[in-house]
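What follows is a short report on a single structure.
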Amino acid sequence: MKKIISIVAALAGAAALFAANPKNTKANVITVGATPEPHAEMLNLVKEDMKALGYELKVIEFTDYVTPNEALESGEIDANFFQHLPYMNSFNKEKNFHLVNAGGIHIEPIALYSKKVTKLADLKKGAVIAIPNDPTNEGRALLLLQEAGLITLDPKAGIEATPLDIKKNPKGLKFKEIEAATLPRVLIDVDAAVINGNYAIPAGLVATKDGLFVEGSKSPYVNIISVKKGNENNAAVKALVKVLQSKKVKDWVAARYPNGEVVVVF
């Protein structure tokens, strides 16, 4: 748990779920791991709503995509909120984990960003493109580049495509596979980078304003509340999903992200 940045007191949970987690000493406490923005912010936003339902939520912030799933599988936390369904499924397969989807909340459209050009047509031959190095988000990035008309992938590759699955690359683009969290920092050193929303947002990047090409709102990559298998129907988890899928959260997202950096799915 070395990558935990902070623990913020917030909302709650149900006894049946937390009996399985010895870390909890209160039957009405639910501990949720989340990346800071917008996930942890959303959780803290519904603090009073969960309290009104009789629950206390504790939010633990993570800055990577691996530790919160390891913490959930091991019982260190009761749920997490940072990932989309394809990533969770891929993680389960790779690690033999047992995480499930308790409810979809929003999409953070990924986009292709650049500090060197202002439109796709200006990308030169041999341009260096940085993409996430985890299997699911790498595939998502390559599918975005295919949608942008920059490359053509082997149709059999699907959402876990890698640069080895590129069949056509007219511009001879070169790819750097880099940890997703570091992509905003390396943007200045490459010609362009595909960056996930929850890392682009804190870096001050607005997809609809700064992106050379932006993922569509019909994306299957919905950010979800994940729990250990068997806990998805627990009353506390259902309460958490309910307050997150509320008009309060919808209105907050619309006001906080007016340029479509975050799009709710409920």
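Simple scheme: letters A, B, ... for chains in structure tokens order, numbers from 1 for residues in each chain, numbers from 1 for ligands in the order shown.
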Picked from region 191-265 of chain A by DSSP as strand (DSSP E), as a PyMOL selection string
chain A and resi 192-195+213-214+223-228+263-264
If we count only C-alpha atoms, what is near Trp252 (chain A) at a cut-off of 12 Å, once residues fewer than 3 positions away on the same chain are taken out, given as a list in words?
Pro38, Glu41, Met42, Leu43, Leu45, Val46, Leu244, Gln245, Ser246, Lys247, Lys248, Val249, Ala255, Arg256, Tyr257, Pro258, Val262, Val263 and Val264 of chain A
What is the CA of Gly33 (chain A) to CA of Val241 (chain A) distance in Å?
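Result for CA of Gly33 (chain A) versus CA of Val241 (chain A): 14.3 Å, one decimal.
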Shell around region 65-81 of chain A at 7 Å using only C-alpha atoms, local window under 5 positions removed, as a PDB file with C-alpha atoms, in the first residue's frame:
```
ATOM      1  CA  ASN A  21     -12.923  -7.641   5.595  1.00  0.00           C
ATOM      2  CA  LYS A  23      -9.782  -4.191   8.278  1.00  0.00           C
ATOM      3  CA  ILE A  30     -17.226   0.984   3.506  1.00  0.00           C
ATOM      4  CA  THR A  31     -13.688   1.686   2.316  1.00  0.00           C
ATOM      5  CA  VAL A  32     -13.334   2.605  -1.345  1.00  0.00           C
ATOM      6  CA  GLY A  33     -10.105   3.069  -3.283  1.00  0.00           C
ATOM      7  CA  ALA A  34     -10.102   5.689  -6.028  1.00  0.00           C
ATOM      8  CA  HIS A  39     -13.354   9.527  -8.834  1.00  0.00           C
ATOM      9  CA  PHE A  97      -8.643 -12.119  -9.595  1.00  0.00           C
ATOM     10  CA  HIS A  98     -12.356 -12.183  -8.782  1.00  0.00           C
ATOM     11  CA  ILE A 224     -17.416   1.367 -12.741  1.00  0.00           C
ATOM     12  CA  ILE A 225     -17.659   0.599  -9.052  1.00  0.00           C
ATOM     13  CA  SER A 226     -15.753  -2.684  -8.642  1.00  0.00           C
ATOM     14  CA  VAL A 227     -16.149  -5.126  -5.753  1.00  0.00           C
ATOM     15  CA  LYS A 228     -15.068  -8.660  -4.924  1.00  0.00           C
TER      16      LYS A 228
END
```
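Backbone DSSP over region 70-106 of chain A gives alpha helix (DSSP H) for Glu70, Ala71, Leu72, Glu73, Ser74, Leu85, Pro86, Tyr87, Met88, Asn89, Ser90, Phe91, Asn92, Lys93, Glu94 and Lys95 of chain A.
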Report, in Å to a single decimal, how far apart CA of Asn44 (chain A) and CA of Ile201 (chain A) are.
17.7 Å
Residues within 12 Å of region 117-133 of chain A, only C-alpha atoms, excluding chain neighbours under 5 positions, as a PyMOL selection string:
chain A and resi 65+110-112+138-145+148-151+160-163+169-196+199+209-214
Keeping only C-alpha atoms, write the selected residues as an mmCIF file, in the first residue's frame.
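Output (out.cif):
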```
data_model
loop_
_atom_site.group_PDB
_atom_site.id
_atom_site.type_symbol
_atom_site.label_atom_id
_atom_site.label_comp_id
_atom_site.auth_asym_id
_atom_site.auth_seq_id
_atom_site.Cartn_x
_atom_site.Cartn_y
_atom_site.Cartn_z
ATOM 1 C CA TYR A 65 -4.034 1.339 -11.894
ATOM 2 C CA ILE A 110 -9.449 9.489 -23.991
ATOM 3 C CA ALA A 111 -7.874 11.742 -26.563
ATOM 4 C CA LEU A 112 -4.754 12.232 -28.627
ATOM 5 C CA GLU A 138 -3.017 0.333 -24.977
ATOM 6 C CA GLY A 139 -5.635 -1.386 -27.111
ATOM 7 C CA ARG A 140 -8.064 1.448 -26.450
ATOM 8 C CA ALA A 141 -5.441 3.985 -27.556
ATOM 9 C CA LEU A 142 -4.701 2.099 -30.760
ATOM 10 C CA LEU A 143 -8.410 1.808 -31.543
ATOM 11 C CA LEU A 144 -8.633 5.587 -31.109
ATOM 12 C CA LEU A 145 -5.765 6.075 -33.564
ATOM 13 C CA ALA A 148 -8.692 8.833 -36.384
ATOM 14 C CA GLY A 149 -7.509 7.231 -39.633
ATOM 15 C CA LEU A 150 -3.852 7.092 -38.647
ATOM 16 C CA ILE A 151 -3.446 3.315 -38.571
ATOM 17 C CA GLU A 160 -6.244 -5.774 -26.458
ATOM 18 C CA ALA A 161 -4.432 -4.722 -29.640
ATOM 19 C CA THR A 162 -0.726 -3.902 -29.478
ATOM 20 C CA PRO A 163 1.544 -2.164 -31.997
ATOM 21 C CA ASN A 169 0.726 2.666 -40.872
ATOM 22 C CA PRO A 170 0.892 5.199 -43.750
ATOM 23 C CA LYS A 171 2.824 7.801 -41.757
ATOM 24 C CA GLY A 172 5.250 5.266 -40.310
ATOM 25 C CA LEU A 173 4.314 6.321 -36.796
ATOM 26 C CA LYS A 174 6.553 5.093 -33.997
ATOM 27 C CA PHE A 175 5.112 4.113 -30.632
ATOM 28 C CA LYS A 176 6.412 4.475 -27.089
ATOM 29 C CA GLU A 177 4.593 2.291 -24.569
ATOM 30 C CA ILE A 178 4.597 4.193 -21.266
ATOM 31 C CA GLU A 179 2.844 3.872 -17.909
ATOM 32 C CA ALA A 180 -0.456 5.738 -18.174
ATOM 33 C CA ALA A 181 0.184 7.962 -15.157
ATOM 34 C CA THR A 182 3.371 9.413 -16.660
ATOM 35 C CA LEU A 183 1.948 10.270 -20.093
ATOM 36 C CA PRO A 184 1.143 13.934 -19.306
ATOM 37 C CA ARG A 185 4.751 14.452 -18.204
ATOM 38 C CA VAL A 186 6.260 12.967 -21.364
ATOM 39 C CA LEU A 187 3.882 14.783 -23.724
ATOM 40 C CA ILE A 188 6.430 17.511 -24.333
ATOM 41 C CA ASP A 189 9.048 14.922 -25.357
ATOM 42 C CA VAL A 190 6.998 13.158 -28.033
ATOM 43 C CA ASP A 191 5.021 14.311 -31.043
ATOM 44 C CA ALA A 192 1.707 13.238 -29.500
ATOM 45 C CA ALA A 193 0.309 11.027 -26.744
ATOM 46 C CA VAL A 194 -2.950 9.224 -26.068
ATOM 47 C CA ILE A 195 -3.852 10.074 -22.470
ATOM 48 C CA ASN A 196 -6.598 8.713 -20.232
ATOM 49 C CA TYR A 199 -4.623 11.727 -15.921
ATOM 50 C CA LYS A 209 -10.315 21.809 -26.555
ATOM 51 C CA ASP A 210 -6.805 20.368 -26.553
ATOM 52 C CA GLY A 211 -7.339 16.962 -28.140
ATOM 53 C CA LEU A 212 -6.342 16.337 -31.754
ATOM 54 C CA PHE A 213 -8.891 13.528 -31.758
ATOM 55 C CA VAL A 214 -11.357 12.541 -29.029
#
```
